[in-house]
Structures are given as structure tokens and as C-alpha cells.
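Worksheet for the structure shown next.
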Amino acid sequence: MDPLVLEVGTALVLVSLAAVLAGRFKFSVIPFFILIGMIVGPHAPSFGTINFQFIASSEIIHFFGRVGVLFLLFYLGIEFSVSKIIRSGRNIAVGGSIHVLMNFGSGLLFGYLLGFPLAEILIIAGMFTVTSSAIIAKVLVDYRRTANPETELILGIVMFDDLFLAVYLSLISGLVLGESTSLMGTLGSVAIAFGYMLLFFIIARKGTSLLNRLLNVRSDEIFILIIFGSLFFVAGFSETIHVAEAVGALLLGLVYSETEHRERIERLIVPFRDFFGAFFFFSFGLGIDPFSLGEAIWLALGAVLITIIINITAGLIAGRNAGLSYKASSNIGLTIVSRGELTIVVANLGIAAGLLPIIKPFSALYVLILASIGPILTKESKNIYNLAVKILPTKKKKVVEQKSQEG
């Protein structure tokens with residue numbers, strides 16, 4: 001008997017249970033999806049025909065997770081417009097640079113002070129730097145923050161992070177894996193990534209009328225086939241030119257957001273976003289062995305504390321530079337704290353290179369904590385900001401309150 005359908009069905013039951021528990025406690029579903037994935041997986045026991053190890057279905061669950069990221073980022077792109085991002089180009093470049101430099105620098109210092117070798121320091125610095133596009137997309141949608149003034153800067157930072165990651169992985173793989181990496185090859189990859197993103201912005205600005213005609217079909221069945229076909233093709237093609245498939249999905253969403261079919265796409269895509277998005281966080285949890293985390297707990301807690309402080313500070317600086325209020329700027333910092341799939345990509349590079357064994361449990365625990373805390377910080381950002389205003393010195397408090405009201 002092929003257990004594939006039964007295992008996928010079991011996974012769906014567990015994901016549904018996690019969603020019900022999250023709703024009962026009025027909590028973000030993300031940590032529940034991750035934790036329930038951790039409880040089961042390869043280390044879990046099996047009970048007769050019910051196999052909680054998900055051996056037969058591991059590949060399809062992982063694929064569903066990848067699809068979930070595509071839908072999350074595509075939907076986020078639909079919620080925005082290219083014109084807003086173009087107007088905010090300078091702010092995005094400055095904000096993204098501030099975020100990358102502060103996080104990468106703190107990661108370098110953290111690894112150096114703890115006495116790690118150079119290769120491990122560089123891997124830790126990369127893990128500190130890249131945010132989780134999937135988690136950020138999820139919380140922005142769940143907490144209805146897509147229309148907030150700071151959200152386009154958050155989106156810009158996510159895209160900037162991906163560009164940094166593409167360059168960083170190209171450079172660092174030559175060091176930790178012993179692969180030869182030429183300067184011209186790296187510069188060529190960066191130029192291709194920039195040109196690819198620019199192409200989508202041009203299509204969004206100049207090709208809207210053509211897209212409107214192509215998408216003008218009455219049948220929802222045909223319409224959704226066109227949308228899905230273009231989404232998967234663009235995401236897959238993006239990977240071939242070393243641009244993350246999730247960013248390809250985001251760029252396509254930005255293009256479609258400029259068409260007159262935006263609301264129709266949004267309505268049809270929501271159920272798929274929620275279904276496959278749940279699988280991403282569940283599959284992420286499946287890859288974490290809870291029994292291996294103890295040896296890295298203090299190291300991870302220290303890294304988490306530093307990351308939270310640095311990201312809140314970076315968000316405040318980037319937001320104020322963009323002319324946003326203190327409150328909106330604090331929202332940026334509290335939203336970009338989350339770490340997830342991209343951090344694991346960096347960690348896996350170090351694991352594949354045979355670096356110190358502590359890298360694996362450290363990365364798993366670091367991501368798990370920030371993937372759980374990040375959505376909470378985003379949800380409670382208003383209360384956190386109000387608390388910060390209350391404990392500030394009196395004179396400074398008045399200035400902050402006044403400027404926030406002005407913003």
C-alpha cells in the first residue's frame with residue numbers, strides 16, 4: 001500500500017489542529033505550525049498505519065512548502081504598486097543598506113568575540129542578516145498591515161536582503177566550500193539580478209494595457225490557469241538566473257497589481273495562499289530535531305537578543321530617514337526581526353562545508369525562536385511602542401510624542 005495520501009492527510013489534520021489551537025488562544029498560527037512540525041518528523045514514533053515520521057511524503061510536503069512561499073510573496077506583491085516602490089527607491093536603498101550593515105556587522109562581532117574560526121564567523125554573520133520573506137509576508141497580511149505607510153519600506157528591505165544574499169552566497173561559497181569564485185562572475189550575477197528586477201518594473205509601467213487584454217477572460221478556470229502558469233514559470237525561471245524564486249513571485253505580483261484584474265486575482269489566490277502557506281511553516285518545523293537543540297541554547301538566546309536590539313534600531317533609523325513617524329519606524333524594526341527560510345539556506349552552506357557541528361543546532365534554535373517571537377513583536381508593536389514612550393525621559397518623551405503625532 002502506498003502511504004503517500006495517508007501521510008499528507010495526517011499532515012493536514014495536524015496543521016488544522018495547530019490552526020484551531022492558535023485561534024483558541026488568539027495567537028499567531030506561525031509558531032504553532034512550526035512547533036507541531038517539530039513534534040513529529042523523522043524522530044517521531046509511528047503507530048501502525050499512521051506514520052508521524054512522514055518518510056514517504058517528505059518530498060511532497062517540502063514542495064508544498066516551497067509553493068506556499070511563492071503564494072505568500074505573490075499575494076504580497078499584489079497588495080502593492082510598482083509606482084510606490086519606484087517613488088521610494090532611495091529610501092529602500094538606504095534602509096536596506098542600514099539593515100544589512102548593522103546586522104552583518106553585529107554577526108561578525110558576535111562570532112569573533114565567541115572565538116569562532118573565520119568561516120564560521122562569516123556564516124553566523126550571514127544568518128544574522130537575512131530576514132524571512134515568508135513570515136513577514138504572512139504577518140503583514142494577517143495583521144492587515146499592507147496599507148500601512150511603513151510597509152513598502154519593509155517590502156523594499158526584503159528585496160534588498162535577497163539581493164545581498166545572492167551576492168553573499170556567491171562570494172562565501174568559494175571560501176567555505178573551496179569553490180573558485182571570480183570577481184567578474186560575481187559582478188555578472190549581480191548585474192543579471194538588477195536587470196531582471198528592472199525588467200519587471202518596466203513591464204509593470206509600460207505593459208499594463210497588454211496584460212489587461214491577455215487577462216480579460218470570463219472563465220475563472222482559464223483565468224486561474226493563466227495566473228498559476230505564469231507564477232510557477234516566472235518563479236522557476238528566476239532560480240535559473242540565481243534570483244530567489246520567492247522574489248520572482250513577488251515581482252510578478254507587483255506587475256499584476258498594476259492591472260485592472262488585481263481584485264479578481266486577489267480573491268482567487270487567497271485560499272491557495274493560506275493552504276500552501278501553512279505547509280511551508282509545518283515543513284520548516286519537520287526539519288528541526290528538538291533533541292539536538294540543548295547544546296546551543298545559550299548561544300542562540302544571546303544571538304536572538306542581539307538581533308532584536310539591532311533590528312529595532314535599524315528599523316528606527318531607516319524609518320526616520322524615510323520621513324516616517326517614530327511609531328511607523330518602530331513597526332519596521334519589530335516586523336523585520338523574524339528569521340526563517342533564508343537563514344536556514346545560509347546555515348546549510350556551513351553544514352555542507354563541514355564546519356563546526358554547533359552550527360546546525362544553533363541555526364535551528366535561532367530561527368525557531370525568532371520565527372516564534374517575530375510575529376508576536378509585530379502584533380504587539382503598538383503596545384511595545386506605547387510602553388517605550390512611557391519609560392523614556394520626560395523631555396525626550398514629549399519630543400517623541402509630538403513627532404509621532406506629526407508623522
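Following the order of the C-alpha cells, first chain is A, next is B, and so on, with residues numbered from 1 inside each chain and ligands from 1 in the order they appear.
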Residues near Ala278 in chain A, cut-off 10 Å, only C-alpha atoms, skip fewer than 6 positions along chain, as a PyMOL selection string: chain A and resi 12+15-16+18-19+29-30+32-34+64-65+68-69+138+272
Quick one: residues within 8 Å of Leu324 in chain A, only C-alpha atoms, excluding same-chain residues fewer than 4 positions away - as a list in words?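 In the requested format, the answer is Pro149, Glu150, Gly319, Arg320, Ala328, Ser329 and Gly407 of chain A.
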Taking N, CA, C and O atoms for each residue, export the selection above as a PDB file, in the first residue's frame.
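Result went into again.pdb, see below:
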ATOM      1  N   PRO A 149       1.872  52.947   6.015  1.00  0.00           N
ATOM      2  CA  PRO A 149       2.886  53.715   5.277  1.00  0.00           C
ATOM      3  C   PRO A 149       4.274  53.093   5.320  1.00  0.00           C
ATOM      4  O   PRO A 149       5.071  53.286   4.408  1.00  0.00           O
ATOM      5  N   GLU A 150       4.579  52.338   6.393  1.00  0.00           N
ATOM      6  CA  GLU A 150       5.917  51.762   6.523  1.00  0.00           C
ATOM      7  C   GLU A 150       6.082  50.453   5.754  1.00  0.00           C
ATOM      8  O   GLU A 150       7.211  49.955   5.590  1.00  0.00           O
ATOM      9  N   GLY A 319      13.405  54.117   9.088  1.00  0.00           N
ATOM     10  CA  GLY A 319      12.101  54.768   9.032  1.00  0.00           C
ATOM     11  C   GLY A 319      12.190  56.266   9.173  1.00  0.00           C
ATOM     12  O   GLY A 319      11.541  57.017   8.423  1.00  0.00           O
ATOM     13  N   ARG A 320      12.994  56.720  10.109  1.00  0.00           N
ATOM     14  CA  ARG A 320      13.135  58.170  10.302  1.00  0.00           C
ATOM     15  C   ARG A 320      13.816  58.812   9.088  1.00  0.00           C
ATOM     16  O   ARG A 320      13.465  59.922   8.698  1.00  0.00           O
ATOM     17  N   ALA A 328       5.698  54.419  13.225  1.00  0.00           N
ATOM     18  CA  ALA A 328       5.822  53.630  11.992  1.00  0.00           C
ATOM     19  C   ALA A 328       7.219  53.029  11.880  1.00  0.00           C
ATOM     20  O   ALA A 328       7.381  51.887  11.440  1.00  0.00           O
ATOM     21  N   SER A 329       8.230  53.794  12.296  1.00  0.00           N
ATOM     22  CA  SER A 329       9.613  53.307  12.239  1.00  0.00           C
ATOM     23  C   SER A 329       9.833  52.141  13.189  1.00  0.00           C
ATOM     24  O   SER A 329      10.549  51.184  12.865  1.00  0.00           O
ATOM     25  N   GLY A 407       3.851  62.775  12.473  1.00  0.00           N
ATOM     26  CA  GLY A 407       4.032  61.735  11.455  1.00  0.00           C
ATOM     27  C   GLY A 407       2.768  61.027  11.149  1.00  0.00           C
ATOM     28  O   GLY A 407       2.616  60.423  10.122  1.00  0.00           O
TER      29      GLY A 407
END
If you count only C-alpha atoms, which residues fall within 6 Å of Asn311 in chain A, apart from same-chain ones fewer than 3 positions away, as a count of residues only? 6
When you draw a straight line from CA of Ile157 in chain A to CA of Leu305 in chain A, how long is it in Å?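 Between CA of Ile157 in chain A and CA of Leu305 in chain A the gap works out to 20.8 Å.
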Report as a count of residues only: the residues of range 127-334 of chain A with a DSSP assignment of alpha helix (DSSP H), based on the backbone of this structure. 162
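Take CA of Leu254 in chain A and CA of Phe200 in chain A: the distance between them is 8.2 Å.
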Near range 344-359 of chain A, 8 Å: range 110-137 of chain A residue rows, closest pairs, only C-alpha atoms, as JSON lines:
{"residue": "A:Ala119", "atom": "CA", "partner": "A:Leu355", "partner_atom": "CA", "distance": 7.6}
{"residue": "A:Glu120", "atom": "CA", "partner": "A:Leu355", "partner_atom": "CA", "distance": 6.7}
{"residue": "A:Ile123", "atom": "CA", "partner": "A:Gly350", "partner_atom": "CA", "distance": 6.3}
{"residue": "A:Ile124", "atom": "CA", "partner": "A:Ala347", "partner_atom": "CA", "distance": 7.7}
{"residue": "A:Gly126", "atom": "CA", "partner": "A:Val346", "partner_atom": "CA", "distance": 6.4}
{"residue": "A:Met127", "atom": "CA", "partner": "A:Val346", "partner_atom": "CA", "distance": 6.0}
Output of the above residues as an mmCIF file, in the first residue's frame, restricted to C-alpha atoms:
data_model
loop_
_atom_site.group_PDB
_atom_site.id
_atom_site.type_symbol
_atom_site.label_atom_id
_atom_site.label_comp_id
_atom_site.auth_asym_id
_atom_site.auth_seq_id
_atom_site.Cartn_x
_atom_site.Cartn_y
_atom_site.Cartn_z
ATOM 1 C CA ALA A 119 34.436 30.558 8.092
ATOM 2 C CA GLU A 120 32.013 30.066 10.999
ATOM 3 C CA ILE A 123 28.234 32.013 8.200
ATOM 4 C CA ILE A 124 26.891 33.407 11.507
ATOM 5 C CA GLY A 126 25.010 35.885 7.094
ATOM 6 C CA MET A 127 22.452 34.177 9.341
#
Rounded to one decimal place, report the CA of Phe281 in chain A-CA of Leu76 in chain A distance in Å.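 Going from CA of Phe281 in chain A over to CA of Leu76 in chain A, I get 17.1 Å.
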Can you work out which one of A:Glu59, A:Phe74, A:Gly323, A:Leu370 has the shortest atom-to-atom distance to Ser338 in chain A, counting only C-alpha atoms? A:Leu370
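Candidate residues A:Val130, A:Gly41, A:Phe27, A:Phe54 were compared for distance to Pro3 in chain A, and the nearest is A:Phe54, using only C-alpha atoms.
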Quick one: residues within 9 Å of Tyr196 in chain A, only C-alpha atoms counted, chain neighbours fewer than 3 positions away excluded, as a short mmCIF file (atom, residue, chain, number, x, y, z; two decimals) with N, CA, C and O atoms, in the first residue's frame?
data_model
loop_
_atom_site.label_atom_id
_atom_site.label_comp_id
_atom_site.auth_asym_id
_atom_site.auth_seq_id
_atom_site.Cartn_x
_atom_site.Cartn_y
_atom_site.Cartn_z
N ALA A 191 24.65 41.95 -11.80
CA ALA A 191 24.09 42.73 -12.90
C ALA A 191 22.84 42.05 -13.47
O ALA A 191 21.85 42.72 -13.79
N ILE A 192 22.88 40.73 -13.59
CA ILE A 192 21.72 39.99 -14.09
C ILE A 192 20.53 40.16 -13.15
O ILE A 192 19.39 40.38 -13.59
N ALA A 193 20.79 40.06 -11.83
CA ALA A 193 19.71 40.21 -10.85
C ALA A 193 19.09 41.60 -10.92
O ALA A 193 17.86 41.75 -10.91
N LEU A 199 13.52 44.79 -15.35
CA LEU A 199 12.63 44.35 -16.42
C LEU A 199 11.18 44.27 -15.94
O LEU A 199 10.26 44.71 -16.65
N PHE A 200 10.97 43.75 -14.75
CA PHE A 200 9.61 43.63 -14.22
C PHE A 200 9.01 45.01 -13.94
O PHE A 200 7.81 45.22 -14.15
N SER A 238 13.35 32.31 -12.50
CA SER A 238 14.16 33.18 -11.63
C SER A 238 15.31 32.39 -10.99
O SER A 238 16.44 32.88 -10.90
N ILE A 241 18.52 31.93 -13.04
CA ILE A 241 19.46 33.06 -13.18
C ILE A 241 19.88 33.57 -11.80
O ILE A 241 20.30 34.72 -11.65
N VAL A 243 18.22 34.30 -9.06
CA VAL A 243 17.34 35.19 -8.30
C VAL A 243 16.35 34.27 -7.58
O VAL A 243 15.77 33.38 -8.20
#
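Checking A:Ser257, A:Thr151, A:Thr10, A:Ser58 one by one against Ile78 in chain A, counting only C-alpha atoms, you find the shortest gap at A:Ser257.
Closest approach to Ile310 in chain A among A:His99, A:Lys206, A:Arg267, A:His62 is made by A:His99 (distances from only C-alpha atoms).
The smallest atom-to-atom distance between Arg273 in chain A and any of A:His242, A:Arg66, A:Arg213, A:Arg339, using only C-alpha atoms, is found for A:Arg66.
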